[in-house]
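This is run.txt (compact mmCIF, N, CA and C atoms).
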```txt
# COMPACT_ATOMS: atom_id res chain seq x y z
N MET H 1 0.85 -1.19 0.00
CA MET H 1 0.00 0.00 0.00
C MET H 1 0.89 1.25 0.00
N ARG H 2 0.50 2.25 -0.76
CA ARG H 2 1.29 3.47 -0.85
C ARG H 2 0.92 4.41 0.29
N ASN H 3 1.95 4.99 0.90
CA ASN H 3 1.72 5.90 2.01
C ASN H 3 1.52 7.33 1.54
N LYS H 4 2.12 7.69 0.41
CA LYS H 4 2.06 9.07 -0.05
C LYS H 4 0.74 9.36 -0.73
N LYS H 5 0.15 10.47 -0.38
CA LYS H 5 -1.10 10.91 -0.99
C LYS H 5 -0.83 11.88 -2.15
N PHE H 6 0.29 12.63 -2.05
CA PHE H 6 0.66 13.54 -3.12
C PHE H 6 2.16 13.81 -3.08
N VAL H 7 2.66 14.32 -4.20
CA VAL H 7 4.06 14.69 -4.33
C VAL H 7 4.12 16.03 -5.04
N GLU H 8 5.02 16.89 -4.61
CA GLU H 8 5.29 18.11 -5.35
C GLU H 8 6.64 17.92 -6.03
N ALA H 9 6.71 18.28 -7.30
CA ALA H 9 7.94 18.09 -8.07
C ALA H 9 8.20 19.31 -8.94
N GLU H 10 9.49 19.51 -9.26
CA GLU H 10 9.89 20.61 -10.13
C GLU H 10 10.61 20.04 -11.34
N GLY H 11 10.55 20.78 -12.45
CA GLY H 11 11.24 20.39 -13.66
C GLY H 11 11.42 21.58 -14.57
N MET H 12 12.18 21.36 -15.65
CA MET H 12 12.40 22.43 -16.62
C MET H 12 11.09 22.80 -17.32
N THR H 13 10.17 21.83 -17.40
CA THR H 13 8.85 22.05 -17.97
C THR H 13 7.82 21.40 -17.05
N VAL H 14 6.55 21.70 -17.26
CA VAL H 14 5.49 21.08 -16.48
C VAL H 14 5.49 19.58 -16.72
N GLU H 15 5.66 19.17 -17.98
CA GLU H 15 5.66 17.73 -18.30
C GLU H 15 6.80 17.00 -17.61
N GLU H 16 7.97 17.62 -17.54
CA GLU H 16 9.10 17.00 -16.85
C GLU H 16 8.81 16.87 -15.35
N ALA H 17 8.20 17.88 -14.77
CA ALA H 17 7.85 17.84 -13.34
C ALA H 17 6.83 16.72 -13.08
N ILE H 18 5.86 16.57 -13.97
CA ILE H 18 4.86 15.50 -13.83
C ILE H 18 5.54 14.15 -13.91
N ALA H 19 6.44 13.98 -14.86
CA ALA H 19 7.15 12.70 -15.03
C ALA H 19 7.93 12.34 -13.77
N LYS H 20 8.59 13.32 -13.16
CA LYS H 20 9.34 13.07 -11.92
C LYS H 20 8.41 12.62 -10.80
N ALA H 21 7.26 13.27 -10.68
CA ALA H 21 6.30 12.92 -9.63
C ALA H 21 5.74 11.52 -9.85
N LEU H 22 5.44 11.18 -11.10
CA LEU H 22 4.92 9.84 -11.41
C LEU H 22 5.93 8.76 -11.06
N LEU H 23 7.20 9.03 -11.33
CA LEU H 23 8.25 8.08 -10.97
C LEU H 23 8.31 7.88 -9.46
N GLU H 24 8.22 8.97 -8.74
CA GLU H 24 8.29 8.89 -7.28
C GLU H 24 7.09 8.13 -6.70
N LEU H 25 5.92 8.38 -7.26
CA LEU H 25 4.71 7.71 -6.78
C LEU H 25 4.58 6.28 -7.33
N LYS H 26 5.32 6.00 -8.40
CA LYS H 26 5.24 4.69 -9.08
C LYS H 26 3.81 4.41 -9.55
N LEU H 27 3.22 5.43 -10.19
CA LEU H 27 1.85 5.32 -10.70
C LEU H 27 1.79 5.81 -12.14
N PRO H 28 0.83 5.29 -12.92
CA PRO H 28 0.62 5.82 -14.27
C PRO H 28 -0.16 7.14 -14.21
N ARG H 29 -0.13 7.87 -15.30
CA ARG H 29 -0.77 9.19 -15.38
C ARG H 29 -2.28 9.13 -15.10
N ASN H 30 -2.94 8.03 -15.48
CA ASN H 30 -4.38 7.95 -15.31
C ASN H 30 -4.81 7.64 -13.88
N LYS H 31 -3.87 7.48 -12.96
CA LYS H 31 -4.19 7.19 -11.55
C LYS H 31 -3.92 8.40 -10.64
N VAL H 32 -3.63 9.55 -11.26
CA VAL H 32 -3.30 10.73 -10.47
C VAL H 32 -4.04 11.96 -10.98
N LYS H 33 -4.08 12.98 -10.12
CA LYS H 33 -4.63 14.30 -10.46
C LYS H 33 -3.46 15.27 -10.40
N VAL H 34 -3.31 16.11 -11.43
CA VAL H 34 -2.18 17.03 -11.50
C VAL H 34 -2.68 18.47 -11.36
N VAL H 35 -2.00 19.22 -10.49
CA VAL H 35 -2.27 20.65 -10.33
C VAL H 35 -0.96 21.38 -10.60
N SER H 36 -0.98 22.29 -11.54
CA SER H 36 0.20 23.08 -11.85
C SER H 36 0.29 24.22 -10.84
N LEU H 37 1.37 24.24 -10.08
CA LEU H 37 1.57 25.29 -9.07
C LEU H 37 2.25 26.51 -9.67
N SER H 38 3.16 26.27 -10.63
CA SER H 38 3.79 27.39 -11.34
C SER H 38 4.38 26.90 -12.65
N GLU H 39 4.32 27.76 -13.65
CA GLU H 39 4.91 27.47 -14.96
C GLU H 39 6.40 27.83 -14.89
N GLU H 40 7.18 27.21 -15.78
CA GLU H 40 8.59 27.56 -15.84
C GLU H 40 8.75 28.98 -16.37
N LYS H 41 9.78 29.65 -15.95
CA LYS H 41 10.10 30.99 -16.43
C LYS H 41 11.45 30.92 -17.12
N LYS H 42 11.54 31.47 -18.30
CA LYS H 42 12.79 31.46 -19.05
C LYS H 42 13.75 32.49 -18.48
N GLY H 43 15.02 32.21 -18.65
CA GLY H 43 16.05 33.13 -18.18
C GLY H 43 16.32 34.22 -19.21
N LEU H 44 17.35 34.95 -18.98
CA LEU H 44 17.78 36.02 -19.87
C LEU H 44 18.02 35.48 -21.27
N PHE H 45 17.51 36.14 -22.29
CA PHE H 45 17.63 35.74 -23.69
C PHE H 45 17.01 34.36 -23.96
N GLY H 46 15.98 34.01 -23.21
CA GLY H 46 15.28 32.76 -23.44
C GLY H 46 15.97 31.52 -22.89
N MET H 47 17.01 31.70 -22.13
CA MET H 47 17.72 30.55 -21.58
C MET H 47 16.85 29.88 -20.51
N PRO H 48 16.81 28.55 -20.51
CA PRO H 48 15.97 27.85 -19.54
C PRO H 48 16.57 27.89 -18.14
N GLY H 49 15.72 27.59 -17.17
CA GLY H 49 16.22 27.39 -15.82
C GLY H 49 16.12 28.57 -14.88
N ALA H 50 15.56 29.70 -15.32
CA ALA H 50 15.45 30.83 -14.42
C ALA H 50 14.53 30.48 -13.25
N LYS H 51 13.43 29.79 -13.56
CA LYS H 51 12.51 29.34 -12.51
C LYS H 51 11.84 28.06 -13.01
N PRO H 52 11.99 26.97 -12.28
CA PRO H 52 11.42 25.70 -12.75
C PRO H 52 9.90 25.67 -12.63
N ALA H 53 9.31 24.79 -13.40
CA ALA H 53 7.87 24.52 -13.28
C ALA H 53 7.68 23.68 -12.03
N LYS H 54 6.53 23.85 -11.36
CA LYS H 54 6.25 23.09 -10.15
C LYS H 54 4.83 22.55 -10.23
N VAL H 55 4.67 21.26 -9.89
CA VAL H 55 3.36 20.62 -9.91
C VAL H 55 3.11 19.87 -8.61
N ARG H 56 1.83 19.69 -8.30
CA ARG H 56 1.42 18.80 -7.20
C ARG H 56 0.63 17.67 -7.85
N VAL H 57 1.11 16.44 -7.64
CA VAL H 57 0.47 15.26 -8.22
C VAL H 57 -0.12 14.46 -7.07
N SER H 58 -1.45 14.28 -7.10
CA SER H 58 -2.17 13.60 -6.02
C SER H 58 -2.70 12.26 -6.51
N VAL H 59 -2.65 11.27 -5.64
CA VAL H 59 -3.20 9.96 -5.94
C VAL H 59 -4.72 10.07 -5.95
N ILE H 60 -5.34 9.51 -6.99
CA ILE H 60 -6.80 9.47 -7.06
C ILE H 60 -7.27 8.32 -6.20
N SER H 61 -8.13 8.61 -5.25
CA SER H 61 -8.64 7.55 -4.37
C SER H 61 -9.64 6.69 -5.13
N ASP H 62 -9.91 5.49 -4.62
CA ASP H 62 -10.89 4.60 -5.22
C ASP H 62 -12.27 5.25 -5.26
N LYS H 63 -12.58 6.07 -4.27
CA LYS H 63 -13.87 6.76 -4.21
C LYS H 63 -14.03 7.72 -5.37
N GLU H 64 -12.92 8.40 -5.75
CA GLU H 64 -12.96 9.35 -6.84
C GLU H 64 -13.10 8.65 -8.18
N ASN H 65 -12.62 7.41 -8.28
CA ASN H 65 -12.71 6.64 -9.53
C ASN H 65 -14.12 6.15 -9.81
N SER H 66 -14.94 6.03 -8.79
CA SER H 66 -16.29 5.47 -8.96
C SER H 66 -17.24 6.45 -9.60
```

Transcribe the structure of this file into structure tokens.
Amino acid sequence: MRNKKFVEAEGMTVEEAIAKALLELKLPRNKVKVVSLSEEKKGLFGMPGAKPAKVRVSVISDKENS
């Protein structure tokens, strides 16, 4: 049984942050709910990494699936 109900993760993009959270939770995308906490911000001259994207990925309970 999984103890974690949600994970917050950061990445260069929202999709990368989601992928990291899914790996940590060991769940497929269809078993979680994703909330974007912040979008990535580009650095000077469009360089990546000025501010990472951040997401909260929550496990969907059996009650929510019904």

(message) What's around H:Ile18 at 8 Å? Count only N, CA and C atoms, leave out sequence neighbours fewer than 4 positions away in its own chain, and write the answer as a list in words.
(response)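 Surrounding residues, per the criterion: Ala9, Glu10, Gly11, Thr13, Val14, Leu22, Leu23, Glu24, Val34, Ala53, Lys54, Val55, Arg56 and Val57 of chain H.
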
(request) If you run DSSP over the backbone, which residues in chain H end up strand (DSSP E)? Put them as a ChimeraX atom specification. (result) /H:6-11,32-38,53-59

(message) Please return, as a list of chain:residue names, all residues of stretch 4-62 of chain H that DSSP assigns to alpha helix (DSSP H) on the basis of the backbone.
(response)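 Secondary structure check on stretch 4-62 of chain H, alpha helix (DSSP H): H:Val14, H:Glu15, H:Glu16, H:Ala17, H:Ile18, H:Ala19, H:Lys20, H:Ala21, H:Leu22, H:Leu23, H:Glu24, H:Leu25, H:Asp62.
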
(request) For atom C of H:Lys31 and atom N of H:Pro52, quote the distance in Å rounded to one decimal. (result)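 So the answer is 24.5 Å.
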
(request) Between H:Val59, H:Glu8, H:Lys33, H:Lys51, single out the one closest to H:Lys20, counting only N, CA and C atoms. (result)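 So, comparing all the options, the nearest one is H:Glu8.
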
(request) Quick one: pull the distance between atom CA of H:Lys4 and atom CA of H:Glu40, Å, one decimal. (result)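 Computing the Euclidean distance for atom CA of H:Lys4 and atom CA of H:Glu40 yields 25.2 Å.
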
(request) Can you work out the spacing between atom CA of H:Lys26 and atom C of H:Glu39 in Å, to one decimal? (result)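 Atom-to-atom, atom CA of H:Lys26 to atom C of H:Glu39, that is 23.9 Å.
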
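Compared by their closest atoms to H:Ile60, and using only C-alpha atoms, the residues H:Val32, H:Leu44, H:Met12, H:Leu27 rank with H:Val32 nearest.
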